[in-house]
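Next comes run30.csv, with CSV, C-alpha atoms and all ligand atoms.
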```csv
chain,number,residue,atom,x,y,z
A,130,MET,CA,-13.9,20.6,-20.2
A,131,LYS,CA,-10.1,21.1,-20.4
A,132,ILE,CA,-7.3,20.6,-17.9
A,133,THR,CA,-5.7,23.9,-17.1
A,134,GLU,CA,-3.2,23.1,-14.4
A,135,ILE,CA,-1.8,20.3,-12.2
A,136,LYS,CA,-0.7,21.3,-8.7
A,137,THR,CA,1.4,19.2,-6.3
A,138,PHE,CA,1.4,19.2,-2.5
A,139,LEU,CA,4.4,17.5,-1.0
A,140,MET,CA,4.5,17.1,2.8
A,141,GLN,CA,6.2,15.3,5.7
A,142,ALA,CA,4.0,12.9,7.5
A,143,GLY,CA,4.9,12.0,11.1
A,144,ALA,CA,5.4,8.4,12.1
A,145,PRO,CA,2.6,6.3,13.4
A,146,SER,CA,2.5,6.4,17.2
A,147,ASP,CA,2.9,2.7,17.7
A,148,SER,CA,5.7,2.2,15.2
A,149,ALA,CA,9.4,1.6,15.0
A,150,TRP,CA,9.4,4.0,12.1
A,151,ALA,CA,9.7,6.9,14.4
A,152,SER,CA,13.4,7.5,14.9
A,153,ASP,CA,16.9,6.4,14.1
A,154,GLY,CA,18.0,7.2,17.7
A,155,LYS,CA,19.7,10.4,16.5
A,156,GLY,CA,16.6,12.5,16.5
A,157,HIS,CA,15.8,12.0,12.8
A,158,GLN,CA,12.3,11.0,11.8
A,159,THR,CA,14.0,8.4,9.5
A,160,GLY,CA,11.0,6.3,8.8
A,161,SER,CA,8.4,9.0,8.6
A,162,ARG,CA,6.8,9.4,5.3
A,163,ASN,CA,6.5,12.0,2.6
A,164,TRP,CA,3.0,12.3,1.1
A,165,LEU,CA,2.4,13.8,-2.3
A,166,PHE,CA,-1.1,14.9,-3.2
A,167,VAL,CA,-2.1,16.3,-6.6
A,168,LYS,CA,-4.9,18.5,-7.8
A,169,VAL,CA,-5.9,18.6,-11.4
A,170,LEU,CA,-7.8,21.8,-12.3
A,171,THR,CA,-10.1,22.4,-15.2
A,172,ASP,CA,-11.5,25.4,-17.0
A,173,GLU,CA,-15.0,24.7,-15.6
A,174,GLY,CA,-14.0,25.0,-12.0
A,175,ILE,CA,-14.2,21.3,-11.2
A,176,TYR,CA,-11.0,19.8,-9.9
A,177,GLY,CA,-9.9,16.4,-8.9
A,178,VAL,CA,-7.5,15.2,-6.2
A,179,GLY,CA,-5.2,12.3,-6.1
A,180,GLU,CA,-2.2,10.8,-4.3
A,181,CYS,CA,1.2,9.5,-5.5
A,182,SER,CA,3.5,7.1,-3.6
A,183,GLY,CA,6.7,5.4,-4.7
A,184,TRP,CA,9.2,8.1,-3.8
A,185,PRO,CA,7.1,11.2,-3.5
A,186,ARG,CA,9.9,13.8,-3.7
A,187,VAL,CA,11.1,12.4,-7.0
A,188,ILE,CA,7.5,11.8,-8.3
A,189,GLU,CA,6.7,15.5,-7.7
A,190,ALA,CA,9.1,16.4,-10.5
A,191,ALA,CA,7.6,13.7,-12.7
A,192,VAL,CA,4.1,15.0,-12.2
A,193,ARG,CA,5.2,18.5,-13.1
A,194,ASP,CA,6.8,17.1,-16.3
A,195,LEU,CA,3.7,15.1,-17.2
A,196,ALA,CA,1.5,18.2,-16.7
A,197,GLY,CA,2.9,19.5,-19.9
A,198,VAL,CA,1.3,16.8,-21.9
A,199,LEU,CA,-2.0,16.9,-20.1
A,200,VAL,CA,-2.9,20.6,-20.0
A,201,GLY,CA,-5.5,21.4,-22.7
A,202,GLU,CA,-6.8,17.8,-22.7
A,203,ASP,CA,-10.4,16.8,-21.9
A,204,PRO,CA,-10.1,15.1,-18.4
A,205,ALA,CA,-13.1,12.8,-19.4
A,206,HIS,CA,-10.9,10.6,-21.5
A,207,ILE,CA,-9.0,8.8,-18.7
A,208,GLU,CA,-7.8,5.8,-20.7
A,209,LYS,CA,-6.5,8.0,-23.5
A,210,LEU,CA,-4.6,10.3,-21.0
A,211,TRP,CA,-3.2,7.3,-19.2
A,212,GLN,CA,-1.7,5.9,-22.4
A,213,LYS,CA,-0.4,9.4,-23.3
A,214,MET,CA,1.4,9.7,-19.9
A,215,LEU,CA,2.9,6.2,-20.3
A,216,VAL,CA,4.2,7.0,-23.8
A,217,ALA,CA,5.5,10.3,-22.6
A,218,GLN,CA,7.9,8.5,-20.2
A,219,MET,CA,9.3,6.1,-22.7
A,220,ALA,CA,12.5,8.0,-23.2
A,221,HIS,CA,13.3,7.7,-19.5
A,222,GLY,CA,13.2,3.9,-19.7
A,223,VAL,CA,11.0,1.7,-17.7
A,224,THR,CA,10.3,4.0,-14.7
A,225,GLY,CA,8.6,1.5,-12.4
A,226,VAL,CA,6.9,2.9,-9.3
A,227,VAL,CA,8.1,6.4,-10.0
A,228,GLY,CA,6.4,6.6,-13.3
A,229,ALA,CA,3.4,4.6,-12.2
A,230,GLY,CA,3.2,6.7,-9.0
A,231,ALA,CA,3.0,9.9,-11.0
A,232,MET,CA,0.3,8.4,-13.2
A,233,ALA,CA,-1.5,7.0,-10.2
A,234,GLY,CA,-2.1,10.4,-8.6
A,235,ILE,CA,-3.2,12.1,-11.8
A,236,ASP,CA,-5.4,9.1,-12.8
A,237,MET,CA,-7.1,9.2,-9.4
A,238,ALA,CA,-7.8,12.9,-9.8
A,239,LEU,CA,-9.3,12.3,-13.3
A,240,TRP,CA,-11.7,9.8,-11.8
A,241,ASP,CA,-12.6,12.3,-9.1
A,242,ILE,CA,-13.3,14.9,-11.8
A,243,LYS,CA,-15.5,12.5,-13.7
A,244,GLY,CA,-17.5,11.6,-10.7
A,245,LYS,CA,-18.0,15.3,-9.7
A,246,ALA,CA,-18.9,16.2,-13.3
A,247,LEU,CA,-21.5,13.4,-13.5
A,248,GLY,CA,-22.7,13.8,-9.9
A,249,THR,CA,-21.9,10.3,-8.9
A,250,PRO,CA,-19.3,8.4,-6.7
A,251,VAL,CA,-16.3,6.9,-8.3
A,252,TRP,CA,-17.5,3.4,-7.3
A,253,ASN,CA,-20.5,3.9,-9.5
A,254,LEU,CA,-18.2,4.6,-12.5
A,255,LEU,CA,-16.3,1.4,-11.8
A,256,GLY,CA,-19.3,-0.8,-12.1
A,257,GLY,CA,-21.4,-0.1,-9.0
A,258,GLN,CA,-21.3,-1.6,-5.5
A,259,VAL,CA,-20.6,-5.2,-4.6
A,260,ARG,CA,-20.3,-3.8,-1.0
A,261,ASP,CA,-21.0,-0.6,0.9
A,262,ARG,CA,-18.2,-1.2,3.5
A,263,VAL,CA,-14.7,-2.5,3.3
A,264,ARG,CA,-13.1,-4.7,5.9
A,265,ILE,CA,-9.7,-3.4,7.1
A,266,TYR,CA,-6.8,-5.0,8.9
A,267,ALA,CA,-4.4,-3.2,11.2
A,268,HIS,CA,-0.9,-3.9,12.5
A,269,ALA,CA,0.0,-5.5,15.8
A,270,SER,CA,3.4,-6.4,17.0
A,271,THR,CA,2.2,-7.5,20.5
A,272,PRO,CA,-0.8,-9.4,21.9
A,273,GLU,CA,-1.8,-6.3,23.8
A,274,VAL,CA,-2.1,-4.3,20.6
A,275,ALA,CA,-4.0,-7.1,18.9
A,276,LEU,CA,-6.4,-7.4,21.9
A,277,ALA,CA,-7.0,-3.6,21.9
A,278,LEU,CA,-7.8,-3.7,18.2
A,279,ARG,CA,-10.2,-6.6,18.7
A,280,ALA,CA,-12.0,-4.7,21.4
A,281,ARG,CA,-12.6,-2.0,18.9
A,282,GLY,CA,-14.2,-4.5,16.4
A,283,ILE,CA,-11.2,-4.9,14.2
A,284,GLY,CA,-11.0,-8.6,13.2
A,285,ALA,CA,-7.7,-8.9,11.4
A,286,VAL,CA,-4.1,-8.0,12.3
A,287,LYS,CA,-0.8,-8.2,10.5
A,288,THR,CA,2.6,-8.7,12.2
A,289,GLY,CA,6.0,-9.8,11.2
A,290,GLY,CA,9.0,-8.0,9.9
A,291,VAL,CA,12.6,-9.0,10.2
A,292,ARG,CA,12.6,-9.6,13.9
A,293,ASP,CA,11.1,-12.7,15.6
A,294,PRO,CA,8.0,-13.1,13.5
A,295,LEU,CA,7.4,-16.6,14.8
A,296,ARG,CA,7.4,-15.5,18.4
A,297,LYS,CA,5.1,-12.6,17.7
A,298,VAL,CA,2.6,-14.8,15.8
A,299,ALA,CA,2.6,-17.4,18.6
A,300,ALA,CA,2.0,-14.8,21.3
A,301,ILE,CA,-0.8,-13.0,19.3
A,302,ARG,CA,-2.6,-16.2,18.4
A,303,ASP,CA,-2.4,-17.4,22.0
A,304,ALA,CA,-3.9,-14.2,23.2
A,305,VAL,CA,-6.7,-13.7,20.6
A,306,GLY,CA,-7.7,-17.3,20.0
A,307,ASP,CA,-9.2,-18.3,16.8
A,308,GLU,CA,-11.5,-15.3,16.3
A,309,MET,CA,-9.1,-13.0,14.6
A,310,ASP,CA,-7.4,-13.3,11.3
A,311,ILE,CA,-3.6,-13.0,11.5
A,312,MET,CA,-1.3,-12.2,8.6
A,313,VAL,CA,2.5,-12.2,8.6
A,314,ASP,CA,4.7,-9.9,6.5
A,315,LEU,CA,8.3,-11.3,6.3
A,316,HIS,CA,9.6,-8.3,4.3
A,317,GLY,CA,13.3,-7.4,4.6
A,318,PRO,CA,15.8,-6.0,4.3
A,319,PRO,CA,17.6,-8.2,5.0
A,320,TRP,CA,15.3,-10.5,2.9
A,321,MET,CA,15.4,-14.2,3.6
A,322,THR,CA,16.8,-16.7,1.2
A,323,PRO,CA,14.1,-19.0,-0.3
A,324,LYS,CA,15.1,-22.0,1.8
A,325,ASP,CA,15.0,-20.0,5.0
A,326,ALA,CA,11.6,-18.6,4.0
A,327,ILE,CA,10.3,-22.2,3.5
A,328,VAL,CA,11.6,-23.3,6.9
A,329,LEU,CA,10.0,-20.3,8.6
A,330,GLY,CA,6.8,-20.6,6.5
A,331,ARG,CA,6.3,-24.2,7.6
A,332,ALA,CA,6.8,-23.2,11.2
A,333,LEU,CA,4.1,-20.7,10.8
A,334,GLU,CA,1.6,-23.2,9.3
A,335,PRO,CA,0.0,-24.2,12.6
A,336,TYR,CA,-1.1,-20.6,13.3
A,337,HIS,CA,-3.7,-20.6,10.5
A,338,LEU,CA,-2.6,-17.4,8.9
A,339,LEU,CA,-4.8,-15.6,6.4
A,340,PHE,CA,-1.7,-15.0,4.3
A,341,LEU,CA,2.0,-14.9,4.4
A,342,GLU,CA,3.3,-11.7,2.7
A,343,ASP,CA,6.6,-11.1,0.9
A,344,PRO,CA,8.5,-14.1,2.1
A,345,VAL,CA,11.4,-13.4,-0.3
A,346,ALA,CA,12.8,-10.4,-2.1
A,347,PRO,CA,10.5,-9.2,-4.8
A,348,GLU,CA,12.9,-9.3,-7.7
A,349,ASN,CA,12.9,-13.1,-8.1
A,350,ILE,CA,9.5,-14.5,-8.9
A,351,ASP,CA,10.8,-18.0,-9.2
A,352,ASN,CA,12.0,-17.8,-5.6
A,353,LEU,CA,8.5,-16.7,-4.6
A,354,ALA,CA,7.1,-19.7,-6.5
A,355,ARG,CA,9.4,-22.1,-4.7
A,356,VAL,CA,8.2,-20.8,-1.3
A,357,ALA,CA,4.5,-20.9,-2.4
A,358,ASP,CA,4.9,-24.5,-3.5
A,359,GLN,CA,6.5,-25.6,-0.2
A,360,VAL,CA,4.4,-23.7,2.3
A,361,ALA,CA,0.7,-24.4,3.0
A,362,ILE,CA,-0.2,-20.8,3.7
A,363,PRO,CA,-1.8,-18.4,1.1
A,364,ILE,CA,0.9,-16.1,-0.3
A,365,ALA,CA,0.5,-12.3,-0.7
A,366,ALA,CA,2.9,-10.0,-2.6
A,367,GLY,CA,3.1,-7.1,-5.0
A,368,GLU,CA,3.3,-3.9,-3.0
A,369,ARG,CA,6.4,-2.8,-4.9
A,370,LEU,CA,5.1,-3.5,-8.4
A,371,ALA,CA,3.7,-1.2,-10.9
A,372,THR,CA,1.1,-1.5,-13.8
A,373,ILE,CA,-0.6,-4.6,-15.0
A,374,TRP,CA,2.6,-5.8,-16.6
A,375,GLY,CA,4.4,-5.8,-13.3
A,376,TRP,CA,1.9,-8.4,-11.9
A,377,ARG,CA,1.3,-10.4,-15.1
A,378,GLN,CA,3.6,-13.4,-14.4
A,379,MET,CA,2.7,-13.6,-10.8
A,380,VAL,CA,-1.0,-13.7,-11.6
A,381,GLU,CA,-0.9,-15.8,-14.7
A,382,ARG,CA,1.4,-18.4,-13.1
A,383,GLU,CA,-0.9,-18.4,-10.0
A,384,ILE,CA,2.1,-18.0,-7.7
A,385,VAL,CA,0.2,-15.8,-5.2
A,386,ASP,CA,-3.2,-16.0,-3.6
A,387,VAL,CA,-3.5,-12.3,-2.8
A,388,ILE,CA,-2.1,-9.3,-4.7
A,389,GLN,CA,-1.3,-6.1,-2.8
A,390,PRO,CA,-1.2,-3.2,-5.2
A,391,ASP,CA,-0.2,0.1,-3.6
A,392,THR,CA,-3.0,2.5,-4.5
A,393,GLY,CA,-0.5,5.4,-4.9
A,394,ARG,CA,2.0,3.7,-7.2
A,395,ALA,CA,0.3,0.8,-9.0
A,396,GLY,CA,-0.6,3.1,-11.8
A,397,GLY,CA,-4.0,4.5,-10.7
A,398,LEU,CA,-7.6,3.2,-10.4
A,399,THR,CA,-7.5,2.6,-14.2
A,400,GLN,CA,-4.8,0.0,-13.7
A,401,MET,CA,-6.1,-1.4,-10.5
A,402,LYS,CA,-9.5,-2.1,-12.0
A,403,LYS,CA,-7.8,-4.0,-14.8
A,404,LEU,CA,-5.5,-5.8,-12.4
A,405,ALA,CA,-8.4,-6.9,-10.2
A,406,GLY,CA,-10.0,-8.4,-13.3
A,407,MET,CA,-6.8,-10.3,-14.2
A,408,ALA,CA,-6.7,-11.6,-10.6
A,409,GLU,CA,-10.3,-12.5,-10.6
A,410,ALA,CA,-9.8,-14.8,-13.6
A,411,HIS,CA,-7.3,-16.7,-11.5
A,412,HIS,CA,-9.3,-16.7,-8.2
A,413,ILE,CA,-6.8,-14.3,-6.7
A,414,MET,CA,-7.9,-11.8,-4.1
A,415,VAL,CA,-7.0,-8.1,-3.8
A,416,ALA,CA,-5.8,-6.5,-0.6
A,417,PRO,CA,-4.3,-3.1,-1.4
A,418,HIS,CA,-1.1,-2.0,0.4
A,419,SER,CA,-1.4,1.2,2.4
A,420,GLY,CA,1.5,1.1,4.8
A,421,THR,CA,3.2,4.3,3.8
A,422,LEU,CA,0.2,6.0,2.1
A,423,GLY,CA,-1.7,9.1,3.0
A,424,PRO,CA,-5.4,9.5,3.4
A,425,ILE,CA,-6.4,10.4,-0.2
A,426,ALA,CA,-5.2,7.1,-1.7
A,427,GLU,CA,-7.2,5.4,1.0
A,428,PHE,CA,-10.4,6.9,-0.4
A,429,ALA,CA,-9.5,5.8,-3.9
A,430,ALA,CA,-8.9,2.2,-2.6
A,431,LEU,CA,-12.4,2.2,-0.9
A,432,HIS,CA,-14.0,3.0,-4.2
A,433,LEU,CA,-12.1,0.2,-6.0
A,434,LEU,CA,-12.8,-2.3,-3.3
A,435,ALA,CA,-16.5,-1.4,-3.3
A,436,ALA,CA,-16.7,-2.2,-6.9
A,437,ILE,CA,-14.7,-5.5,-7.4
A,438,PRO,CA,-15.9,-9.0,-6.3
A,439,ASN,CA,-12.4,-10.2,-5.2
A,440,ALA,CA,-11.7,-7.6,-2.6
A,441,LEU,CA,-10.2,-9.2,0.5
A,442,MET,CA,-9.3,-6.3,2.8
A,443,LEU,CA,-7.7,-2.9,3.0
A,444,GLU,CA,-4.5,-2.3,5.0
A,445,ARG,CA,-4.8,0.5,7.5
A,446,ILE,CA,-2.4,2.0,10.0
A,447,GLU,CA,-4.5,2.3,13.1
A,448,GLY,CA,-3.1,4.9,15.4
A,449,ASP,CA,-1.4,6.7,12.5
A,450,TRP,CA,0.1,10.1,13.0
A,451,ALA,CA,-2.5,12.6,14.2
A,452,GLY,CA,-2.0,14.9,11.2
A,453,ARG,CA,-3.4,12.3,8.9
A,454,ASN,CA,-6.9,13.6,9.5
A,455,GLU,CA,-5.9,17.2,9.5
A,456,VAL,CA,-4.6,17.4,5.9
A,457,ILE,CA,-7.9,16.3,4.3
A,458,SER,CA,-11.5,17.5,4.5
A,459,ALA,CA,-12.6,14.6,6.7
A,460,PRO,CA,-11.5,11.0,7.3
A,461,PRO,CA,-13.4,8.0,6.1
A,462,VAL,CA,-15.9,6.6,8.7
A,463,LEU,CA,-14.7,3.5,10.5
A,464,GLU,CA,-17.4,1.3,12.0
A,465,GLY,CA,-16.0,-1.7,13.8
A,466,GLY,CA,-13.6,-3.4,11.5
A,467,HIS,CA,-15.0,-1.7,8.3
A,468,LEU,CA,-14.6,1.6,6.5
A,469,LEU,CA,-17.8,2.9,5.0
A,470,VAL,CA,-17.7,3.5,1.3
A,471,PRO,CA,-18.2,7.3,0.6
A,472,ASN,CA,-21.5,8.0,-1.1
A,473,VAL,CA,-20.9,11.5,-2.6
A,474,PRO,CA,-19.8,12.5,-6.1
A,475,GLY,CA,-16.2,11.8,-7.0
A,476,LEU,CA,-13.8,10.3,-4.4
A,477,GLY,CA,-15.4,12.2,-1.5
A,478,VAL,CA,-12.3,13.8,-0.1
A,479,ASP,CA,-10.4,17.1,-0.5
A,480,ILE,CA,-7.0,18.4,0.4
A,481,ASN,CA,-6.6,20.9,3.3
A,482,GLU,CA,-3.9,22.9,1.6
A,483,GLU,CA,-3.2,25.1,4.6
A,484,ALA,CA,-2.7,22.1,6.8
A,485,VAL,CA,-0.4,20.5,4.2
A,486,ALA,CA,1.7,23.6,4.2
A,487,ARG,CA,2.4,23.3,7.9
A,488,TYR,CA,4.4,20.1,7.3
A,489,PRO,CA,7.2,20.8,4.7
A,490,SER,CA,8.9,17.8,3.2
A,491,GLN,CA,12.2,16.7,4.7
A,492,ARG,CA,14.2,13.7,3.6
A,493,ASN,CA,12.4,10.5,2.6
A,494,VAL,CA,15.1,7.8,2.5
A,495,SER,CA,16.3,5.8,5.4
A,496,ILE,CA,17.9,2.5,6.4
A,497,ALA,CA,17.8,2.6,10.1
A,498,SER,CA,14.0,3.0,10.4
A,499,GLY,CA,13.3,0.0,12.6
A,500,GLY,CA,11.7,-1.9,9.8
A,501,TYR,CA,15.1,-2.7,8.3
A,502,GLU,CA,17.7,-4.4,10.3
A,503,PRO,CA,21.5,-4.4,10.0
A,504,GLY,CA,23.0,-7.8,9.0
A,505,THR,CA,25.0,-10.0,11.2
A,506,GLU,CA,28.1,-7.9,11.1
A,507,GLY,CA,26.2,-4.6,11.3
A,508,GLU,CA,26.4,-4.1,7.6
A,509,PHE,CA,23.3,-3.2,5.5
A,510,VAL,CA,22.8,-6.0,3.0
A,511,TYR,CA,19.8,-6.7,0.9
A,512,VAL,CA,19.6,-10.5,1.2
A,513,GLN,CA,21.0,-12.6,4.0
A,514,THR,CA,20.7,-16.2,5.1
A,515,ARG,CA,19.4,-16.7,8.6
A,516,LEU,CA,22.7,-16.4,10.6
A,517,HIS,CA,22.0,-14.5,13.8
A,518,ARG,CA,18.2,-14.6,13.2
A,519,ALA,CA,17.9,-18.1,14.5
A,520,ALA,CA,15.3,-17.0,17.0
A,521,ALA,CA,13.1,-16.0,14.2
A,522,PHE,CA,12.8,-19.7,13.3
A,523,GLY,CA,12.1,-20.9,16.8
A,524,GLY,CA,15.5,-22.4,16.9
A,525,GLY,CA,17.5,-20.8,19.7
A,526,LYS,CA,19.0,-17.7,20.8
A,527,PRO,CA,20.1,-15.0,18.3
A,528,ARG,CA,23.8,-14.3,18.0
A,529,GLY,CA,25.3,-10.9,18.6
B,601,MG,MG,4.4,-5.4,3.2
```

Let me see whether you can do it: turn the structure in this file into structure tokens.
Amino acid sequence: MKITEIKTFLMQAGAPSDSAWASDGKGHQTGSRNWLFVKVLTDEGIYGVGECSGWPRVIEAAVRDLAGVLVGEDPAHIEKLWQKMLVAQMAHGVTGVVGAGAMAGIDMALWDIKGKALGTPVWNLLGGQVRDRVRIYAHASTPEVALALRARGIGAVKTGGVRDPLRKVAAIRDAVGDEMDIMVDLHGPPWMTPKDAIVLGRALEPYHLLFLEDPVAPENIDNLARVADQVAIPIAAGERLATIWGWRQMVEREIVDVIQPDTGRAGGLTQMKKLAGMAEAHHIMVAPHSGTLGPIAEFAALHLLAAIPNALMLERIEGDWAGRNEVISAPPVLEGGHLLVPNVPGLGVDINEEAVARYPSQRNVSIASGGYEPGTEGEFVYVQTRLHRAAAFGGGKPRG
């Protein structure tokens, strides 16, 4: 079998219904996402599908470039082709999630091809099943949303962000009692300084969180280690990292308790399987990031999590944009708080190309998306000490 062509499908995904991503107040869908799907075709009529994240409009060009080194190759040799793609990018420098995002979608499609060619699900190629369903967690910014999710059988919710995380957690825990798992994502911008993250983390300790995510900016792993040492909550991080080398220090130094590789930009299933093994050696759990991802990467994550022992949960945007299910053949089956692992050859999902074409890509950068907050003086800064965010720490009224 030979690869004959790689097609890309770039689209604009609408914002989730219960989300501050929806608008910048000027009519722009600032926080809405671009999804990039790929299709790897072969001379035997079998094709595979995948999804890239990490800056989809830029990655689309990278995928087209990489196609030139893959056409004519046998898609069975996934590791060889992954290495070839990495080497092909060297002249561009270390390309981070852009390069790894391009490789991720192609790699995913190669596993899909292999599964279809052999007539077996991808989880079977990754070692077989540890589980036939994967627990999910959803997002909740209010007790009402958390209670509605619990009523549907979903047992874990994540809250947080840059505005009042302590107040949100207190309200949700008070409403749901001890039955639900609660996680907090403290992501910026503006990111907190390490000392502020420690103060807030300690204030969150009584709420028995499953994990505390991204308490400080991702560039400084020593700052993350300081927070992890000072706060008695399991720490999760890594959604912005790429390849096994991106996580190496975090895992080897056992700074985190949970790693959160983004299935569309971590480098592909080939990398995520290795990364899960690295984490397993350190008793670290895996909870893939999905916040901005489309539906094909979700299928890939299900196959991985079915096959690894240290799967914790899969992130899921419940109440996502309605078009999510429209652009693929069929969504995965959600039963209570679990997604069923597909039991058909390959990944078990296909692209609805006509539906994708109805949503042409617009811009995909934003600062005023609701997830990011201007600093004290209205400026957009990357890291800021607590300043007017005093309320976030349970310490009084915010300024300004
Ligand atoms: Mg996050």

Step by step, measure atom-to-atom distances between ligand MG 601 (chain B) and each residue using all atoms listed in the file, keep those at most 7 Å, then write them as a list of chain:residue names. A:Asp314, A:His316, A:Glu342, A:Asp343, A:Glu368

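Taking CA of Arg296 in chain A and CA of Leu276 in chain A as the two end points, the separation is 16.4 Å.
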
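For the choices A:Met309, A:Ile437, A:Val187, A:Ile132, the atom-to-atom distance to Ala280 in chain A is smallest for A:Met309 when using all atoms listed in the file.
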
Please list, as a VMD selection string, the residues that have an atom at most 10 Å away from (-9.6, -9.5, 3.0) in the coordinates of this file, counting all atoms listed in the file. chain A and resid 263 to 266 285 310 339 to 340 387 414 to 417 439 to 444

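In this structure, CA of Asp449 in chain A sits 25.9 Å away from CA of Asp303 in chain A.
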
Of A:Asn163, A:Gly234, A:Lys245, A:Leu338, the one sitting nearest Ala429 in chain A when using all atoms listed in the file is A:Gly234
